[in-house]
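Enquirer: This is entry05.cif (mmCIF, C-alpha atoms and all ligand atoms).
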```
data_work
#
loop_
_atom_site.label_atom_id
_atom_site.label_comp_id
_atom_site.auth_asym_id
_atom_site.auth_seq_id
_atom_site.Cartn_x
_atom_site.Cartn_y
_atom_site.Cartn_z
CA MET A 283 7.73 -29.29 21.24
CA MET A 284 5.28 -29.13 24.17
CA MET A 285 2.56 -26.61 23.44
CA THR A 286 0.59 -24.91 26.20
CA MET A 287 -3.21 -24.90 26.17
CA LYS A 288 -3.03 -21.20 25.34
CA THR A 289 -0.88 -21.81 22.26
CA ILE A 290 -3.20 -24.58 21.07
CA LYS A 291 -6.20 -22.32 21.58
CA ILE A 292 -4.60 -19.52 19.55
CA ILE A 293 -3.60 -21.87 16.72
CA ASP A 294 -7.09 -23.43 16.58
CA TYR A 295 -8.86 -20.07 16.56
CA LEU A 296 -6.60 -18.63 13.85
CA GLU A 297 -7.26 -21.73 11.77
CA GLU A 298 -11.01 -21.40 12.35
CA LEU A 299 -11.02 -17.72 11.33
CA TYR A 300 -8.47 -17.75 8.52
CA PRO A 301 -7.97 -21.25 7.10
CA GLU A 302 -6.77 -19.78 3.81
CA ALA A 303 -4.56 -16.95 5.10
CA SER A 304 -1.74 -16.08 2.73
CA CYS A 305 0.20 -13.13 1.40
CA GLU A 306 -2.14 -10.39 0.12
CA LEU A 307 0.42 -8.86 -2.21
CA ASN A 308 -0.02 -9.70 -5.90
CA TYR A 309 3.01 -11.16 -7.69
CA LYS A 310 3.77 -13.62 -10.47
CA THR A 311 7.50 -14.22 -10.02
CA ASP A 312 10.02 -14.39 -7.18
CA TYR A 313 11.47 -10.96 -7.95
CA GLU A 314 8.00 -9.41 -8.17
CA LEU A 315 7.33 -10.72 -4.65
CA LEU A 316 10.62 -9.30 -3.33
CA ILE A 317 9.93 -5.89 -4.89
CA ALA A 318 6.30 -5.84 -3.72
CA VAL A 319 7.31 -6.65 -0.13
CA MET A 320 10.04 -3.98 -0.24
CA LEU A 321 7.44 -1.48 -1.50
CA SER A 322 4.98 -2.40 1.25
CA ALA A 323 7.04 -0.73 4.00
CA GLN A 324 5.00 2.09 5.58
CA THR A 325 2.00 1.52 3.34
CA THR A 326 -0.77 -1.01 2.74
CA ASP A 327 -0.79 -4.11 0.55
CA VAL A 328 -3.84 -2.73 -1.28
CA SER A 329 -1.92 0.42 -2.33
CA VAL A 330 1.10 -1.64 -3.36
CA ASN A 331 -1.06 -3.93 -5.52
CA LYS A 332 -2.44 -0.90 -7.35
CA VAL A 333 0.99 0.43 -8.34
CA THR A 334 2.66 -2.92 -9.04
CA ALA A 335 -0.12 -3.82 -11.48
CA THR A 336 1.04 -0.90 -13.65
CA LEU A 337 4.74 -1.30 -12.87
CA PHE A 338 5.03 -5.00 -13.72
CA ASN A 339 2.86 -4.54 -16.77
CA LYS A 340 5.08 -1.78 -18.14
CA TYR A 341 8.30 -3.66 -17.24
CA PRO A 342 7.37 -7.35 -17.61
CA THR A 343 10.90 -8.76 -17.11
CA LEU A 344 13.71 -8.22 -14.62
CA GLU A 345 15.94 -7.00 -17.46
CA LYS A 346 13.40 -4.34 -18.39
CA LEU A 347 13.00 -3.28 -14.76
CA SER A 348 16.76 -3.01 -14.34
CA ARG A 349 16.94 -0.65 -17.32
CA ALA A 350 13.87 1.38 -16.34
CA ASN A 351 14.02 5.14 -16.21
CA VAL A 352 13.89 6.13 -12.55
CA GLU A 353 11.66 9.16 -13.24
CA GLU A 354 9.11 6.96 -15.00
CA VAL A 355 9.16 4.45 -12.13
CA MET A 356 8.61 7.35 -9.71
CA ASP A 357 5.55 8.44 -11.65
CA ILE A 358 4.06 4.96 -11.32
CA ILE A 359 4.73 4.33 -7.63
CA ARG A 360 4.20 7.91 -6.41
CA PRO A 361 0.88 7.07 -4.61
CA ILE A 362 2.60 4.80 -2.06
CA GLY A 363 4.90 7.49 -0.62
CA THR A 364 8.72 7.53 -0.20
CA TYR A 365 8.65 6.84 -3.91
CA ARG A 366 12.02 8.42 -4.79
CA LYS A 367 13.99 6.01 -2.66
CA LYS A 368 11.78 3.06 -3.49
CA SER A 369 12.07 3.72 -7.25
CA GLN A 370 15.84 3.64 -7.10
CA ASN A 371 15.64 0.53 -4.89
CA ILE A 372 13.56 -1.29 -7.54
CA ILE A 373 16.16 -0.62 -10.21
CA ASP A 374 19.14 -1.42 -7.96
CA ILE A 375 17.58 -4.66 -6.69
CA SER A 376 16.85 -5.75 -10.28
CA LYS A 377 20.43 -5.04 -11.37
CA SER A 378 21.86 -6.85 -8.36
CA LEU A 379 19.72 -9.97 -8.85
CA LEU A 380 20.77 -10.17 -12.50
CA LYS A 381 24.42 -9.60 -11.74
CA ASN A 382 24.76 -11.89 -8.72
CA TYR A 383 22.11 -14.60 -9.09
CA ASN A 384 21.12 -14.72 -12.78
CA GLY A 385 17.86 -13.03 -11.92
CA VAL A 386 16.82 -15.53 -9.24
CA VAL A 387 15.88 -14.48 -5.69
CA PRO A 388 18.22 -16.70 -3.64
CA ASN A 389 17.66 -18.45 -0.31
CA ASP A 390 20.34 -16.26 1.23
CA ARG A 391 19.34 -14.01 4.11
CA ASN A 392 22.61 -12.08 4.22
CA TYR A 393 22.42 -11.23 0.55
CA LEU A 394 18.75 -10.26 0.71
CA GLU A 395 19.32 -8.00 3.72
CA SER A 396 22.18 -6.32 1.87
CA LEU A 397 19.79 -5.12 -0.85
CA PRO A 398 18.55 -1.52 -0.66
CA GLY A 399 15.25 -1.19 1.21
CA VAL A 400 15.33 -4.84 2.32
CA GLY A 401 15.49 -5.44 6.07
CA ARG A 402 14.92 -8.46 8.23
CA LYS A 403 11.13 -8.29 7.95
CA THR A 404 11.16 -8.22 4.13
CA ALA A 405 13.76 -11.00 3.99
CA ASN A 406 11.65 -13.12 6.36
CA VAL A 407 8.51 -12.73 4.26
CA VAL A 408 10.36 -13.64 1.08
CA LEU A 409 12.22 -16.61 2.61
CA SER A 410 9.05 -17.94 4.15
CA ILE A 411 6.99 -17.72 0.95
CA LEU A 412 9.60 -18.72 -1.62
CA TYR A 413 11.58 -21.26 0.39
CA ASN A 414 9.20 -22.29 3.14
CA GLU A 415 11.79 -21.27 5.72
CA PRO A 416 10.36 -21.45 9.27
CA VAL A 417 10.60 -17.74 10.01
CA CYS A 418 8.09 -15.20 11.26
CA ALA A 419 8.16 -11.62 10.01
CA VAL A 420 7.01 -9.23 12.73
CA ASP A 421 5.08 -6.32 11.27
CA THR A 422 2.89 -3.83 13.10
CA HIS A 423 -0.06 -6.28 13.22
CA VAL A 424 1.94 -9.26 14.45
CA LYS A 425 3.62 -7.08 17.07
CA ARG A 426 0.33 -5.71 18.42
CA VAL A 427 -1.39 -9.10 18.53
CA ALA A 428 1.61 -10.78 20.21
CA ILE A 429 1.69 -8.12 22.93
CA ARG A 430 -2.07 -8.13 23.49
CA LEU A 431 -2.14 -11.89 23.80
CA GLY A 432 0.75 -11.75 26.24
CA LEU A 433 3.10 -13.70 23.95
CA ALA A 434 5.56 -10.79 24.14
CA LYS A 435 6.12 -7.74 26.30
CA ASP A 436 5.29 -4.24 25.12
CA THR A 437 8.92 -3.29 25.75
CA ASP A 438 10.21 -6.04 23.41
CA ASP A 439 11.77 -5.00 20.11
CA VAL A 440 10.70 -6.77 16.89
CA LEU A 441 13.64 -9.17 16.89
CA THR A 442 12.85 -10.30 20.45
CA ILE A 443 9.19 -10.76 19.50
CA GLU A 444 10.23 -12.77 16.44
CA LYS A 445 12.40 -15.05 18.60
CA LYS A 446 9.61 -15.54 21.15
CA LEU A 447 7.02 -16.41 18.48
CA THR A 448 9.45 -18.81 16.83
CA LYS A 449 9.79 -20.65 20.15
CA ILE A 450 6.08 -20.61 21.01
CA PHE A 451 4.67 -21.95 17.74
CA PRO A 452 5.69 -25.21 16.03
CA LYS A 453 8.18 -24.68 13.22
CA GLU A 454 6.11 -26.45 10.59
CA LYS A 455 3.12 -24.17 11.28
CA LEU A 456 5.03 -20.91 11.50
CA ASN A 457 4.63 -19.81 7.87
CA LYS A 458 0.87 -20.09 7.97
CA ILE A 459 0.56 -18.68 11.50
CA HIS A 460 2.52 -15.64 10.37
CA HIS A 461 -0.11 -14.85 7.71
CA GLN A 462 -2.94 -15.73 10.09
CA LEU A 463 -1.59 -13.34 12.73
CA ILE A 464 -1.45 -10.57 10.13
CA PHE A 465 -5.06 -11.27 9.10
CA PHE A 466 -6.09 -11.43 12.76
CA GLY A 467 -4.49 -8.02 13.42
CA ARG A 468 -5.79 -6.50 10.22
CA TYR A 469 -9.40 -7.63 10.44
CA HIS A 470 -10.19 -8.76 14.00
CA CYS A 471 -7.77 -7.60 16.71
CA LYS A 472 -7.50 -4.19 15.06
CA ALA A 473 -5.40 -1.37 16.49
CA ARG A 474 -8.52 0.64 17.25
CA ASN A 475 -11.71 -1.12 18.26
CA PRO A 476 -10.55 -4.73 18.42
CA ASN A 477 -13.46 -7.13 18.12
CA CYS A 478 -13.09 -8.42 21.70
CA GLU A 479 -16.78 -9.08 22.17
CA ASN A 480 -16.77 -11.79 19.54
CA CYS A 481 -13.27 -13.09 20.24
CA LYS A 482 -12.73 -16.66 21.37
CA LEU A 483 -9.35 -15.72 22.85
CA LYS A 484 -10.87 -13.52 25.55
CA ASP A 485 -9.97 -15.89 28.37
CA VAL A 486 -6.28 -16.05 27.38
CA CYS A 487 -5.90 -12.41 26.35
CA LYS A 488 -3.75 -10.13 28.49
CA TYR A 489 -5.22 -6.97 26.97
CA ILE A 490 -8.72 -7.92 28.15
CA LYS A 491 -7.44 -8.99 31.57
CA ASN A 492 -5.68 -5.64 32.07
CA LYS A 493 -8.79 -3.80 30.92
CA LYS A 494 -10.93 -5.59 33.49
CA LEU A 495 -8.49 -4.72 36.27
CA GLN A 496 -8.75 -1.01 35.51
S1 LIG B 1 -9.86 -10.39 23.12
FE1 LIG B 1 -9.66 -8.48 21.96
S2 LIG B 1 -7.56 -7.77 22.31
FE2 LIG B 1 -7.69 -9.92 22.91
S3 LIG B 1 -7.05 -11.06 21.11
FE3 LIG B 1 -9.27 -10.94 21.04
S4 LIG B 1 -9.70 -9.10 19.83
FE4 LIG B 1 -7.56 -8.99 20.44
#
```
Please go through the file and, once you have read it, give me the structure as C-alpha cells.

Expert:
Amino acid sequence: MMMTMKTIKIIDYLEELYPEASCELNYKTDYELLIAVMLSAQTTDVSVNKVTATLFNKYPTLEKLSRANVEEVMDIIRPIGTYRKKSQNIIDISKSLLKNYNGVVPNDRNYLESLPGVGRKTANVVLSILYNEPVCAVDTHVKRVAIRLGLAKDTDDVLTIEKKLTKIFPKEKLNKIHHQLIFFGRYHCKARNPNCENCKLKDVCKYIKNKKLQ
C-alpha cells in the first residue's frame, strides 16, 4: 500500500502522542469485553467501568450472569442509562453464548451482530481486540477526527467512514490506530476546544484550513 505524506504524518503523530493506546474498558474475559462494549453505547468508558466492577464481581461466571435476576442487574447498571434494555441484553447475550458457542465469544461477525444491543461498531471492537481482525470501529471520536482531518466528508455515514479509514491506513496498523484515534478525539482533538495550537497536524488539517478561510 502506498501511503501519502499526510497519512504517514498522522500515523507518526498518533504514535508519538499515544504509543500505548488501547481499550479503556476493564474486562478479564472475552464475554466481559463483549458486554462492556455493548454497555458503552451512549455513555462513557469510565461510567461503564464503575458498573461492571460491581456486575462482574456479583456474577463472576457467564453461567451466573445468564441466570441473573434482571431487576438486580438493573439496580447495578442504572447509572449508565438505558439500563432496562441493557440489563436484558446482558442476560440474553450470556444465554446465547452458552447455548451456541459453549460460552466463547466467536470470531463470527454475523453472529455477534445478531445479539441484542450489538451493532457493527461493537462487533468491530470485539473482533479487533479478541481476534486481531483488521477492522476499525467508528465511534463519535473517530468520526469527528476523520472529518476534521479531511479523511472523510461530513456527509459520510459511519460505514463509509469505516471503509475510507480501512483503505487509508495499513491493515496491520489498523487495530492500534483505531485506539489512537479514539484517544486523539477524547483528549486532544476534542469536540469543543480542540487543542489546535499545540497540534502537529495543523498543516494537514481541513478543519484549521476552513477556519482560516472564514
Ligand atoms: S489541528 Fe485542531 S482540529 Fe486539526 S487535528 Fe489538530 S486538534 Fe484536531

Enquirer: Closest to Lys472 (chain A) among A:His460, A:Glu444, A:Arg426, A:Thr289, using all atoms listed in the file?

Expert: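 Distance minimum relative to Lys472 (chain A) lands on A:Arg426.
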
Enquirer: Kindly work out which residues sit at most 10 Å from ligand LIG 1 (chain B), using only C-alpha atoms and all ligand atoms, and give the list as a PyMOL selection string.

Expert: chain A and resi 292+426-432+466-467+469-491+493

Enquirer: Report the closest atom pair, with its distance in Å rounded to one decimal, for each residue of region 356-394 of chain A that has an atom no farther than 12 Å from region 301-311 of chain A; count only C-alpha atoms, sort by chain and then rising residue number, and write it as JSON lines.

Expert:
```
{"residue": "A:Gly385", "atom": "CA", "partner": "A:Thr311", "partner_atom": "CA", "distance": 10.6}
{"residue": "A:Val386", "atom": "CA", "partner": "A:Thr311", "partner_atom": "CA", "distance": 9.4}
{"residue": "A:Val387", "atom": "CA", "partner": "A:Thr311", "partner_atom": "CA", "distance": 9.4}
```

Enquirer: Find, counting all atoms listed in the file, the residue in A:Val424, A:Leu379, A:Val417, A:Ala323 that gets nearest to Lys445 (chain A).

Expert: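 Ranking A:Val424, A:Leu379, A:Val417, A:Ala323 by distance to Lys445 (chain A), first place goes to A:Val417.
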
Enquirer: If we count all atoms listed in the file, what is near Asp294 (chain A) at a cut-off of 12 Å, once residues fewer than 6 positions away on the same chain are taken out, given as an MDAnalysis selection string?

Expert: chainID A and resid 287:288 300:301 451 455 459 462 482:483

Enquirer: Mind pulling up the distance from CA of Ile464 (chain A) to CA of Ile443 (chain A)?

Expert: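 CA of Ile464 (chain A) lies at a distance of 14.2 Å from CA of Ile443 (chain A).
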
Enquirer: Within 12 Å of region 433-441 of chain A, which residues of region 333-408 of chain A show up? Give each one with its shortest atom-to-atom distance in Å (one decimal) and the two atoms involved, counting all atoms listed in the file, rows by chain then rising residue number, as a Markdown table.

Expert:
```
| residue | atom | partner | partner_atom | distance |
| --- | --- | --- | --- | --- |
| A:Gly401 | CA | A:Leu441 | CA | 11.6 |
| A:Arg402 | CA | A:Leu441 | CA | 8.8 |
| A:Lys403 | CA | A:Val440 | CA | 9.1 |
| A:Asn406 | CA | A:Leu441 | CA | 11.4 |
```

Enquirer: A:Tyr393, A:Phe338, A:Tyr413, A:Tyr383: which is nearest Ile317 (chain A), counting all atoms listed in the file?

Expert: A:Phe338

Enquirer: What is the distance between CA of Pro342 (chain A) and CA of Ala419 (chain A), in Å to one decimal?

Expert: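 Separation of CA of Pro342 (chain A) and CA of Ala419 (chain A): 28.0 Å.
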
Enquirer: Between CA of Ile372 (chain A) and CA of Ala405 (chain A), measure the distance and give it in Å to one decimal.

Expert: 15.1 Å

Enquirer: Between A:Cys418, A:Thr442, A:Met320, A:Glu345, which has the minimum distance to Lys367 (chain A) (counting all atoms listed in the file)?

Expert: A:Met320

Enquirer: Which residue, A:Asn389, A:Thr422, A:Thr286, A:Asn371, has the smallest gap to Ser410 (chain A) when you use only C-alpha atoms?

Expert: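 Of A:Asn389, A:Thr422, A:Thr286, A:Asn371, the one nearest Ser410 (chain A) is A:Asn389, counting only C-alpha atoms.
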
Enquirer: Would you mind completing region 466-477 of chain A so that it carries N, CA and C atoms, and writing it out as an mmCIF file, keeping the file's coordinate frame?

Expert:
```cif
data_model
loop_
_atom_site.group_PDB
_atom_site.id
_atom_site.type_symbol
_atom_site.label_atom_id
_atom_site.label_comp_id
_atom_site.auth_asym_id
_atom_site.auth_seq_id
_atom_site.Cartn_x
_atom_site.Cartn_y
_atom_site.Cartn_z
ATOM 1 N N PHE A 466 -5.426 -11.631 11.473
ATOM 2 C CA PHE A 466 -6.090 -11.430 12.760
ATOM 3 C C PHE A 466 -5.935 -9.962 13.209
ATOM 4 N N GLY A 467 -4.735 -9.417 13.037
ATOM 5 C CA GLY A 467 -4.490 -8.020 13.420
ATOM 6 C C GLY A 467 -5.165 -7.035 12.484
ATOM 7 N N ARG A 468 -5.216 -7.391 11.226
ATOM 8 C CA ARG A 468 -5.790 -6.500 10.220
ATOM 9 C C ARG A 468 -7.315 -6.432 10.313
ATOM 10 N N TYR A 469 -7.942 -7.578 10.552
ATOM 11 C CA TYR A 469 -9.400 -7.630 10.440
ATOM 12 C C TYR A 469 -10.152 -7.909 11.754
ATOM 13 N N HIS A 470 -9.470 -8.374 12.776
ATOM 14 C CA HIS A 470 -10.190 -8.760 14.000
ATOM 15 C C HIS A 470 -9.623 -8.005 15.226
ATOM 16 N N CYS A 471 -8.385 -8.264 15.555
ATOM 17 C CA CYS A 471 -7.770 -7.600 16.710
ATOM 18 C C CYS A 471 -7.125 -6.306 16.210
ATOM 19 N N LYS A 472 -7.981 -5.410 15.726
ATOM 20 C CA LYS A 472 -7.500 -4.190 15.060
ATOM 21 C C LYS A 472 -6.910 -3.213 16.078
ATOM 22 N N ALA A 473 -6.071 -2.319 15.581
ATOM 23 C CA ALA A 473 -5.400 -1.370 16.490
ATOM 24 C C ALA A 473 -6.455 -0.600 17.288
ATOM 25 N N ARG A 474 -7.404 -0.016 16.574
ATOM 26 C CA ARG A 474 -8.520 0.640 17.250
ATOM 27 C C ARG A 474 -9.742 -0.251 17.160
ATOM 28 N N ASN A 475 -10.506 -0.293 18.209
ATOM 29 C CA ASN A 475 -11.710 -1.120 18.260
ATOM 30 C C ASN A 475 -11.486 -2.589 17.908
ATOM 31 N N PRO A 476 -10.657 -3.283 18.668
ATOM 32 C CA PRO A 476 -10.550 -4.730 18.420
ATOM 33 C C PRO A 476 -11.892 -5.401 18.725
ATOM 34 N N ASN A 477 -12.159 -6.469 17.997
ATOM 35 C CA ASN A 477 -13.460 -7.130 18.120
ATOM 36 C C ASN A 477 -13.471 -8.106 19.311
#
```
